[in-house]
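A quick write-up on the structure given underneath.
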Amino acid sequence: MFKFLLLTVLVVGIVIGIFLGMNYNDQIEDILGSDIVEYIQEKTEDGSDVVIEKLEEMRG
């Protein structure tokens, strides 16, 4: 029963994702091309670099 529920939720999620991607493609591209998304992506990459450096410091 749990596997059926999990599979149903997964399929519904995929269908909703496809629906949103098909109907709102232009809006999604506008959002992904905005400056704030690029800023967040840069900060995330910088943060991951800091974490990697700290882990290397802890190892060595």
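By convention here, the chains of the structure tokens are called A, B, ... in the order presented, each chain's residues are numbered starting at 1, and ligands are numbered starting at 1 in the order presented.
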
Which residues of stretch 4-37 of chain A have any atom within 12 Å of an atom in stretch 41-60 of chain A when counting only C-alpha atoms, and what is the closest pair of atoms for each, with the distance in Å to one decimal? Order the rows by chain and rising number and write it as CSV.
residue,atom,partner,partner_atom,distance
A:Leu32,CA,A:Gln41,CA,10.4
A:Gly33,CA,A:Gln41,CA,11.4
A:Ser34,CA,A:Gln41,CA,11.2
A:Asp35,CA,A:Gln41,CA,9.9
A:Ile36,CA,A:Gln41,CA,8.5
A:Val37,CA,A:Gln41,CA,6.1

Which residues of stretch 25-59 of chain A sit at most 9 Å from stretch 5-21 of chain A, using only C-alpha atoms? Give each one's shortest atom pair and distance in Å (one decimal place), in chain and ascending residue order, as CSV.
residue,atom,partner,partner_atom,distance
A:Asn25,CA,A:Gly21,CA,5.2
A:Asp26,CA,A:Gly21,CA,9.0
A:Ile28,CA,A:Gly21,CA,7.7
